[in-house]
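Have a look at the structure below before the remarks.
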Amino acid sequence: MEPTNINNPEYFHKVVDCQHACPAHTPVPEYIRLIAEEKYTEAYMINWDSNVFPGVLGRTCDRPCEPACRRGRIDGQDEEPVAICRLKRVAADNKGDVKSLMPQGPFKPNGKKIALIGAGPASLTVARDLAPLGYEIHLYDEQKLGGGFMRSQIPSFRLPETVLNEEVNYILDLGIHTHFNHYVKSLKDTLANGYDAVFVGSGAPKGRDLDIPGRKEGASNIHIGINWLANVAFEHTAKIGKKVIVLGGGNTAMDCCRTARRLGGNDVKVVVRSPFAEMKASPWEKEDAAHEDIPIIDNHVPKSFVVENGVLKGMMFEKVVAEYDKEGKRKLVPVGGPDIFIEADDVLIAVGQENSYPWIERDLGIDFDKWEMPIVNEVTFVSSNPKVFFGGDAAWGPKNVITAVAHGHQAAISMDLFCRGESMTVRPSPFVNLVSQKMGIHEWAYDSAVVNDERYVVPQAEKKVTLSNRKKEVELGFSGITGFKEAQRCLNCDIQTVFTTDKCIECDACMDVCPTACISFTDNADESDLRNMLKMPALNKSQDLYVSEPLKTKRVMVKDENVCLHCGLCAERCPTSAWDMQKFFYNVTKAHTGCSSHK
Amino acid sequence: MTYIRPKFRHPELPKNKLGYSVDYYEGALSTLCAGCGHDSISAGIIQAAFELNIEPHKLAKLSGIGCSSKTPAYFLSNSHGFNSVHGRMPSVATGANLANRDLTYFGVSGDGDTASIGMGQFVHAIRRSLNMTYIVMNNGCYGLTKGQDSATADQGSKNKSGNVNLFESIDLASLAIELGATFVAQSFSGDKSQLVPLIKAAMNHPGFAFINVISPCVTFNNNMGSTKSYDYVREHVEATATIDFVPEMQEISVEYGKGKQKQVVMHDGSVIQLHKLSEDWDPLDRQSAMNAVLNSKAKNEILTGLLYVNPDAHDLHHMINTSDRALNSLTKAELCPGSEMLVDINSGLR
Ligand SMILES: Cc1cc2nc3c(=O)[nH]c(=O)nc-3n(C[C@H](O)[C@H](O)[C@H](O)COP(=O)(O)OP(=O)(O)OC[C@H]3O[C@@H](n4cnc5c(N)ncnc54)[C@H](O)[C@@H]3O)c2cc1C
Ligand SMILES: Cc1ncc(C[n+]2csc(CCOP(=O)(O)OP(=O)(O)O)c2C)c(N)n1
Ligand code: SF4
Ligand code: SF4
Ligand code: SF4
Ligand SMILES: [Mg+2]
């Protein structure tokens, strides 16, 4: 193999598994260390810069970082990832004054005007990144307040309104012109208003319906899940029948059933077509539903609504079993026998959402594909009309908040470049820094010891209380001390092992001491061969090999990054400091921090 | 202070026949200087014990005094150990071995511990063919007492402060061959692919097995002019052959190309596989082994690998016809067979 080019920041970035997996590339271990040091304000600001809604995300993030977390794969058994997401909440809960650390308006106008359609996390991120550059920003939403689905869909028992308001207001306070209760009926008209650029962050607002017999007859007790949740959030709906069926297996279904439990449903069931293990909902949401006495009935396909004398009585289902062909494609095969009847006073349909663009005229130079989705550039987020940008769920269908934020950052950069007449394809480089952590013998600037604690569980409020009040937050968050202990479980994957070939005397000390057999000295070979020539075969191909220049003996040092604990023992035992532990800081450049400097 | 070894090990570590993975054979985290050759040898011992499926409670590690003699703290934590007095490991080993012949005895010493203060004990352990493995971690100096020249420092070599050694060095390997050791090998701490099979073969040998391992003292004897530094050893090392140790009953499947090959079958059916043998050398012939050592010395080479082996060796117990069983397993009836037996013995002496 060729020697690894560690000057390419993407090499070490990939070693920081959580940060790499985070769509917004939040510098996770850095903020976790700050939490351990009780520097909550600093930890919050690192998050705020990257993901804009630390308080919201610390409660609701889909956490793509956690399955990626190295801690989850270091013992091959039941070691769980660090509670990255809930640690974020510790920073948000305990922070001091952060407002004074944010960009301070009023900003000198730059003469350009921008419209953002939809006030969800994608648009709000664009607003935050562009406001400090002097753009006049107009934010439109049909709802009466900003926040998008974070407000209308995520229930208050998971995300209190106060937390959401605080973080939405940090952005609106930057001098954003809001146009709430304003449904944008025509993009053509909007463009005609003289905007230099328009960002479409309208989400995927249309809930899928279920067209089976009885749908029309039972309509008054059959609800589209996301519409129903929005009605609850905006207090148009306050009650539901005692017996409720929720159809669907995703997170929306989980929010629907748990909300129904709080509005009078005391016999709430989730019924899903697929097997339990294949449901789209996150495992923790399924657990939370189970904890609230909500059974999940899997392998049941809805056949019809049963309506008698104009009143909904329940639903018929066909029981199926999942079978898989050679390619692993699933087929739901009926098991035979009579259909199954389940009683219900109300049914909530949570079987997916879709984009819908009736308000975008098709003669604006914006190309749509055969599924009626706009064609959007994956790097710049621009559509085929160079003035119109898309991001969040509006671009490629429903995802999650952190993805919407990541899109917003990149779209903001593009819009700024576009408004200044520069090429959108030349993207700003990330901010990176690499600093030795050596303080002395056996002394490092980070806590290199690897603790053995198991993942801590976030305490919850009593069920009696939470089920009787839809606004009572279920999770209580980690206390400061539990937060510290959980933070100590982080392996500090951003503290990189950096190897200097010409210092190495090939004494084997690092190889011998490494607890997880990461380091080998061997003849060089092709990657596929080399992976099998190491002290332990490097079988996780998604993790890179770090290969040195040839050593004196013509061999090379090869480090399998897979299960390195970042314990620093290799550097500790190296007589010549050929290994050093160096803190790698990587931060995605945002419009207001990066582009402005090359104005 | 953050010098703590994590409990986590590689999640896919293989297990040996006893169901242990290699970490079961580890010891405490070393306190020797970072980069000391001795630590590499410790790692080699751990690997060899793992691969040989040694039951840790069936092994005793013994040592004298010195950085080298400290290493038993850094391997095989689950085994017996005796850290004795400077140069006196052989007598402790002799006593232990005579009392309990069921254990594997693993002695660790230094060049100071063996070739200076312990020389008298060393040579007699060889003469008596004590069944043990005896490793000298040879760094040409007294590391623990800050690097004074030892008796294995080569004449003309320079120590860290620039002084030239005036005295002829003691060559421990040729001495061992001379005195009748039945397994003699030499190796380098920086070459585990050679060291590990040698340790395994030595532990399987039924007599005195000696391995002299050049092991650089990174702090006091790794300077220019030293003949025991990493660089010097790497430039001058020459191997008798490439070695594999194949435990009994295992199919020998590796095929080697050209060059001489030899198999030495040990008493228990295990095999030492040698290939790419050097010219004019026969590991079963003492004379040829002696010549090989002297020839390479004349050429300023450090000859490593197996030097000499007599697979049919007999140990001390055999020579003096001791009890077949460990003393701790003898019952009172066997130890005090009664007055009739005493009369018998006494009459035999008349
Ligand atoms: C029930 C439910 C629970 C969820 N829970 C989570 C969670 O826990 N964690 C997570 O990360 N994600 C969750 N999501 C997904 C997440 O809410 C979305 O992916 C995210 O909000 C998308 O952000 P966005 O900025 O693209 O648009 P949205 O947040 O969807 O905002 C779009 C806004 O645009 C408005 N709008 C649309 N068209 C127009 C128009 N023509 N004129 C004016 N306004 C318009 C809409 O009213 C809406 O307010 C959940 C989704 C649902 C449905
Ligand atoms: C009876 C006695 N004399 C002297 C000493 C001092 N002493 C301690 S270690 C040592 C030499 C050790 O050298 P070596 O065996 O080569 O071990 P190394 O530290 O080099 O591995 C000496 C002389 C002692 N401990 N005991
Ligand atoms: S913001 Fe979400 S995805 Fe990103 S690191 Fe945090 S928890 Fe993970
Ligand atoms: S930091 Fe060094 S010693 Fe520790 S696990 Fe990683 S490679 Fe091994
Ligand atoms: S002084 Fe020399 S022999 Fe002793 S531990 Fe240090 S390097 Fe090893
Ligand atoms: Mg010594």
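Labels for the structure tokens follow display order: chains A, B, ..., residues from 1 in each chain, ligands from 1.
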For ligand 6, return the neighbouring residues as a ChimeraX atom specification (distance at most 10 Å; only C-alpha atoms and all ligand atoms).
/B:38,65-69,109-115,136-153,214-217,220-221
Quick one: residues within 12 Å of Val307 of chain A, only C-alpha atoms, excluding same-chain residues fewer than 6 positions away - as a compact mmCIF listing (two decimals) with C-alpha atoms, in the first residue's frame?
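For reference, result.txt as written:
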# COMPACT_ATOMS: atom_id res chain seq x y z
CA PRO A 213 -62.79 -0.30 1.95
CA GLY A 214 -64.53 1.72 4.64
CA ARG A 215 -62.11 4.64 4.43
CA LYS A 216 -64.80 7.12 3.31
CA GLU A 217 -67.54 5.81 5.55
CA GLY A 218 -65.38 5.97 8.66
CA ALA A 219 -63.66 9.23 7.72
CA SER A 220 -64.67 11.16 10.81
CA ASN A 221 -62.70 8.77 13.04
CA ILE A 222 -59.82 8.06 10.66
CA LYS A 313 -66.02 -0.19 14.91
CA GLY A 314 -62.54 -1.34 14.07
CA MET A 315 -60.43 -2.86 11.31
CA MET A 316 -59.84 -6.18 9.58
CA GLU A 343 -61.71 -3.00 17.69
CA ALA A 344 -61.15 0.76 17.44
CA ASP A 345 -62.88 4.05 18.11
CA ASP A 346 -60.23 5.96 16.16
CA VAL A 347 -57.53 5.04 13.67
If DSSP is run on the backbone, what residues of segment 2-92 of chain B are strand (DSSP E)? A reply as a PyMOL selection string would be ideal.
chain B and resi 59-63+80-83
At most 6 Å from ligand 1 (only C-alpha atoms and all ligand atoms): residue list as a ChimeraX atom specification:
/A:60-62,117-123,140-143,148-150,153-154,182-185,201-204,226,251-252,255,392-394,398-402,404
Output the selection as a short mmCIF file (atom, residue, chain, number, x, y, z; two decimals), in the first residue's frame - N, CA, C and O atoms for each residue.
data_model
loop_
_atom_site.label_atom_id
_atom_site.label_comp_id
_atom_site.auth_asym_id
_atom_site.auth_seq_id
_atom_site.Cartn_x
_atom_site.Cartn_y
_atom_site.Cartn_z
N THR A 60 -33.94 14.81 20.62
CA THR A 60 -34.70 14.18 19.54
C THR A 60 -33.86 13.68 18.37
O THR A 60 -34.43 13.14 17.42
N CYS A 61 -32.56 13.87 18.41
CA CYS A 61 -31.78 13.53 17.22
C CYS A 61 -31.91 12.05 16.88
O CYS A 61 -32.03 11.20 17.77
N ASP A 62 -31.91 11.75 15.60
CA ASP A 62 -31.92 10.36 15.13
C ASP A 62 -30.59 9.65 15.44
O ASP A 62 -30.49 8.45 15.26
N ILE A 117 -38.58 29.45 2.17
CA ILE A 117 -39.96 28.97 2.21
C ILE A 117 -40.05 27.75 3.10
O ILE A 117 -39.43 26.72 2.82
N GLY A 118 -40.82 27.90 4.17
CA GLY A 118 -40.87 26.88 5.21
C GLY A 118 -39.93 27.31 6.32
O GLY A 118 -38.83 27.77 6.05
N ALA A 119 -40.39 27.16 7.56
CA ALA A 119 -39.55 27.62 8.68
C ALA A 119 -39.08 26.45 9.53
O ALA A 119 -39.04 26.51 10.75
N GLY A 120 -38.73 25.34 8.86
CA GLY A 120 -38.18 24.19 9.57
C GLY A 120 -36.69 24.37 9.79
O GLY A 120 -36.11 25.42 9.49
N PRO A 121 -36.04 23.33 10.31
CA PRO A 121 -34.62 23.43 10.63
C PRO A 121 -33.72 23.77 9.43
O PRO A 121 -32.72 24.46 9.60
N ALA A 122 -34.10 23.33 8.23
CA ALA A 122 -33.25 23.62 7.07
C ALA A 122 -33.23 25.13 6.82
O ALA A 122 -32.16 25.75 6.76
N SER A 123 -34.42 25.72 6.69
CA SER A 123 -34.48 27.16 6.43
C SER A 123 -33.87 27.96 7.57
O SER A 123 -33.17 28.95 7.35
N TYR A 140 -40.87 32.41 5.30
CA TYR A 140 -42.31 32.17 5.15
C TYR A 140 -42.70 30.82 5.72
O TYR A 140 -42.02 29.82 5.52
N ASP A 141 -43.82 30.80 6.44
CA ASP A 141 -44.38 29.50 6.84
C ASP A 141 -45.87 29.64 7.03
O ASP A 141 -46.36 30.66 7.51
N GLU A 142 -46.58 28.58 6.67
CA GLU A 142 -48.04 28.62 6.81
C GLU A 142 -48.47 28.54 8.27
O GLU A 142 -49.59 28.90 8.61
N GLN A 143 -47.58 28.04 9.13
CA GLN A 143 -47.94 27.92 10.55
C GLN A 143 -47.76 29.26 11.26
O GLN A 143 -47.16 30.17 10.73
N GLY A 148 -41.11 24.51 11.98
CA GLY A 148 -41.48 23.43 11.06
C GLY A 148 -41.97 22.22 11.81
O GLY A 148 -42.71 22.34 12.80
N PHE A 149 -41.55 21.05 11.33
CA PHE A 149 -42.00 19.80 11.94
C PHE A 149 -41.50 19.65 13.38
O PHE A 149 -42.05 18.87 14.15
N MET A 150 -40.42 20.35 13.73
CA MET A 150 -39.96 20.27 15.11
C MET A 150 -41.07 20.74 16.04
O MET A 150 -41.19 20.31 17.17
N GLN A 153 -44.81 18.41 14.69
CA GLN A 153 -44.82 16.94 14.73
C GLN A 153 -44.21 16.33 15.98
O GLN A 153 -44.72 15.38 16.53
N ILE A 154 -43.05 16.85 16.39
CA ILE A 154 -42.40 16.22 17.54
C ILE A 154 -43.16 16.62 18.79
O ILE A 154 -43.28 17.80 19.11
N HIS A 182 -48.54 32.33 6.57
CA HIS A 182 -48.46 32.75 5.17
C HIS A 182 -48.08 31.54 4.32
O HIS A 182 -46.93 31.11 4.30
N TYR A 183 -49.08 30.96 3.68
CA TYR A 183 -48.80 29.84 2.79
C TYR A 183 -48.35 30.39 1.45
O TYR A 183 -49.03 31.24 0.86
N VAL A 184 -47.21 29.95 0.96
CA VAL A 184 -46.71 30.43 -0.33
C VAL A 184 -47.44 29.66 -1.42
O VAL A 184 -47.30 28.44 -1.55
N LYS A 185 -48.24 30.39 -2.20
CA LYS A 185 -49.08 29.72 -3.21
C LYS A 185 -48.39 29.63 -4.55
O LYS A 185 -48.76 28.81 -5.38
N GLY A 201 -37.44 25.17 1.74
CA GLY A 201 -37.27 24.26 2.89
C GLY A 201 -38.65 23.87 3.40
O GLY A 201 -38.93 23.98 4.58
N SER A 202 -39.47 23.42 2.46
CA SER A 202 -40.89 23.21 2.80
C SER A 202 -41.17 21.81 3.30
O SER A 202 -42.32 21.47 3.56
N GLY A 203 -40.15 20.99 3.42
CA GLY A 203 -40.33 19.67 4.01
C GLY A 203 -41.09 18.70 3.12
O GLY A 203 -41.21 18.90 1.91
N ALA A 204 -41.58 17.64 3.74
CA ALA A 204 -42.37 16.63 3.04
C ALA A 204 -43.70 16.57 3.78
O ALA A 204 -43.93 15.71 4.61
N ILE A 226 -49.76 12.68 10.56
CA ILE A 226 -49.02 13.94 10.76
C ILE A 226 -49.97 15.14 10.87
O ILE A 226 -49.69 16.09 11.58
N ASN A 251 -41.24 6.17 13.10
CA ASN A 251 -41.23 7.04 14.27
C ASN A 251 -42.53 7.85 14.38
O ASN A 251 -42.96 8.19 15.48
N THR A 252 -43.15 8.17 13.25
CA THR A 252 -44.41 8.90 13.31
C THR A 252 -45.47 8.06 14.03
O THR A 252 -46.22 8.57 14.87
N ASP A 255 -44.88 8.32 17.70
CA ASP A 255 -45.35 9.58 18.28
C ASP A 255 -46.87 9.61 18.33
O ASP A 255 -47.46 10.13 19.28
N GLY A 392 -33.16 20.07 3.22
CA GLY A 392 -34.02 19.39 4.20
C GLY A 392 -34.87 18.35 3.51
O GLY A 392 -34.53 17.87 2.43
N ASP A 393 -36.03 18.04 4.10
CA ASP A 393 -36.90 17.02 3.53
C ASP A 393 -37.40 17.41 2.15
O ASP A 393 -37.84 16.56 1.38
N ALA A 394 -37.36 18.70 1.82
CA ALA A 394 -37.85 19.17 0.52
C ALA A 394 -36.97 18.65 -0.62
O ALA A 394 -37.43 18.51 -1.75
N PRO A 398 -38.35 12.64 3.20
CA PRO A 398 -38.22 12.73 4.65
C PRO A 398 -36.93 12.12 5.20
O PRO A 398 -36.61 10.99 4.88
N LYS A 399 -36.21 12.90 6.00
CA LYS A 399 -35.02 12.41 6.69
C LYS A 399 -35.18 12.78 8.17
O LYS A 399 -36.06 12.30 8.83
N ASN A 400 -34.35 13.70 8.62
CA ASN A 400 -34.45 14.09 10.04
C ASN A 400 -33.88 15.48 10.24
O ASN A 400 -33.40 16.11 9.28
N VAL A 401 -33.91 15.94 11.46
CA VAL A 401 -33.53 17.33 11.74
C VAL A 401 -32.05 17.58 11.42
O VAL A 401 -31.70 18.56 10.76
N ILE A 402 -31.17 16.67 11.89
CA ILE A 402 -29.74 16.92 11.72
C ILE A 402 -29.36 16.95 10.23
O ILE A 402 -28.50 17.72 9.81
N ALA A 404 -31.40 17.98 7.83
CA ALA A 404 -31.91 19.27 7.35
C ALA A 404 -30.92 20.39 7.68
O ALA A 404 -30.64 21.27 6.87
#
Restrict the distance test to only C-alpha atoms, flag each residue of chain A within 6 Å of chain B, and return the flagged residues as a compact mmCIF listing (two decimals) with all heavy atoms, in the first residue's frame.
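Below is the file selection.txt, written as the result:
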# COMPACT_ATOMS: atom_id res chain seq x y z
N ASP A 75 -15.66 -4.51 22.23
CA ASP A 75 -15.54 -5.81 22.90
C ASP A 75 -16.35 -6.91 22.25
O ASP A 75 -16.37 -8.04 22.74
CB ASP A 75 -15.86 -5.72 24.41
CG ASP A 75 -17.35 -5.66 24.67
OD1 ASP A 75 -18.11 -5.47 23.71
OD2 ASP A 75 -17.75 -5.81 25.83
N GLY A 76 -16.96 -6.60 21.11
CA GLY A 76 -17.63 -7.64 20.35
C GLY A 76 -18.83 -8.23 21.09
O GLY A 76 -19.44 -9.15 20.61
N HIS A 442 4.06 10.05 31.31
CA HIS A 442 2.76 9.54 31.74
C HIS A 442 1.72 10.66 31.86
O HIS A 442 0.78 10.54 32.63
CB HIS A 442 2.84 8.84 33.11
CG HIS A 442 3.79 7.69 33.15
ND1 HIS A 442 4.14 6.99 32.03
CD2 HIS A 442 4.43 7.11 34.19
CE1 HIS A 442 4.97 6.03 32.38
NE2 HIS A 442 5.18 6.09 33.67
N GLU A 443 1.88 11.73 31.17
CA GLU A 443 0.90 12.80 31.32
C GLU A 443 0.45 13.33 29.98
O GLU A 443 1.26 13.75 29.15
CB GLU A 443 1.49 13.95 32.13
CG GLU A 443 0.93 13.99 33.53
CD GLU A 443 1.24 15.29 34.22
OE1 GLU A 443 2.39 15.46 34.64
OE2 GLU A 443 0.34 16.13 34.30
N ALA A 449 -7.03 7.33 30.13
CA ALA A 449 -7.47 6.05 30.70
C ALA A 449 -8.84 5.68 30.15
O ALA A 449 -9.72 6.53 30.02
CB ALA A 449 -7.52 6.15 32.22
N VAL A 450 -9.01 4.41 29.84
CA VAL A 450 -10.28 3.94 29.30
C VAL A 450 -11.13 3.39 30.44
O VAL A 450 -10.75 2.43 31.09
CB VAL A 450 -10.03 2.83 28.25
CG1 VAL A 450 -11.35 2.26 27.74
CG2 VAL A 450 -9.19 3.37 27.10
N CYS A 507 11.57 -1.06 17.72
CA CYS A 507 11.80 -1.84 18.93
C CYS A 507 10.59 -2.70 19.29
O CYS A 507 10.65 -3.49 20.22
CB CYS A 507 12.14 -0.91 20.10
SG CYS A 507 10.74 0.08 20.65
N ALA A 509 7.93 -1.93 20.82
CA ALA A 509 7.27 -1.63 22.09
C ALA A 509 5.80 -1.29 21.89
O ALA A 509 4.93 -1.75 22.64
CB ALA A 509 7.98 -0.49 22.80
N PRO A 515 -3.19 -2.75 23.63
CA PRO A 515 -4.12 -3.74 24.19
C PRO A 515 -5.00 -4.39 23.13
O PRO A 515 -5.45 -5.51 23.31
CB PRO A 515 -4.96 -2.93 25.17
CG PRO A 515 -4.77 -1.51 24.80
CD PRO A 515 -3.44 -1.40 24.13
N THR A 516 -5.24 -3.70 22.04
CA THR A 516 -6.17 -4.23 21.05
C THR A 516 -5.49 -4.64 19.76
O THR A 516 -6.15 -4.75 18.72
CB THR A 516 -7.30 -3.22 20.77
OG1 THR A 516 -6.71 -1.93 20.62
CG2 THR A 516 -8.29 -3.17 21.90
N ARG A 573 4.83 4.19 25.37
CA ARG A 573 5.91 3.20 25.38
C ARG A 573 6.92 3.42 24.26
O ARG A 573 7.88 2.67 24.15
CB ARG A 573 5.34 1.78 25.24
CG ARG A 573 4.52 1.31 26.42
CD ARG A 573 5.24 1.40 27.74
NE ARG A 573 6.28 0.40 27.92
CZ ARG A 573 7.25 0.48 28.83
NH1 ARG A 573 7.32 1.53 29.63
NH2 ARG A 573 8.16 -0.44 28.94
N CYS A 574 6.70 4.40 23.42
CA CYS A 574 7.64 4.63 22.32
C CYS A 574 8.85 5.41 22.83
O CYS A 574 8.70 6.50 23.37
CB CYS A 574 6.97 5.41 21.19
SG CYS A 574 8.12 5.76 19.86
N PRO A 575 10.07 4.85 22.69
CA PRO A 575 11.24 5.52 23.25
C PRO A 575 11.62 6.79 22.50
O PRO A 575 12.34 7.63 23.04
CB PRO A 575 12.34 4.47 23.14
CG PRO A 575 11.92 3.56 22.03
CD PRO A 575 10.43 3.55 22.05
Please check which protein, DNA or RNA residues sit within 8 Å of ligand 3, counting only C-alpha atoms and all ligand atoms, and write them as a VMD selection string.
chain A and resid 18 to 19 21 to 28 47 51 54 57 to 58 61 to 66 84 to 86 88 402
Atom CA of Ala253 of chain A to atom CA of Gly352 of chain A measures 9.2 Å
I'd like to know which residues of segment 427-540 of chain A are alpha helix (DSSP H) (by DSSP, run on the backbone); could you write them as a ChimeraX atom specification?
/A:463-468,480-488,509-513,527-530
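The interatomic distance for the pair atom CA of Trp579 of chain A and atom CA of Val547 of chain A works out to 13.1 Å.
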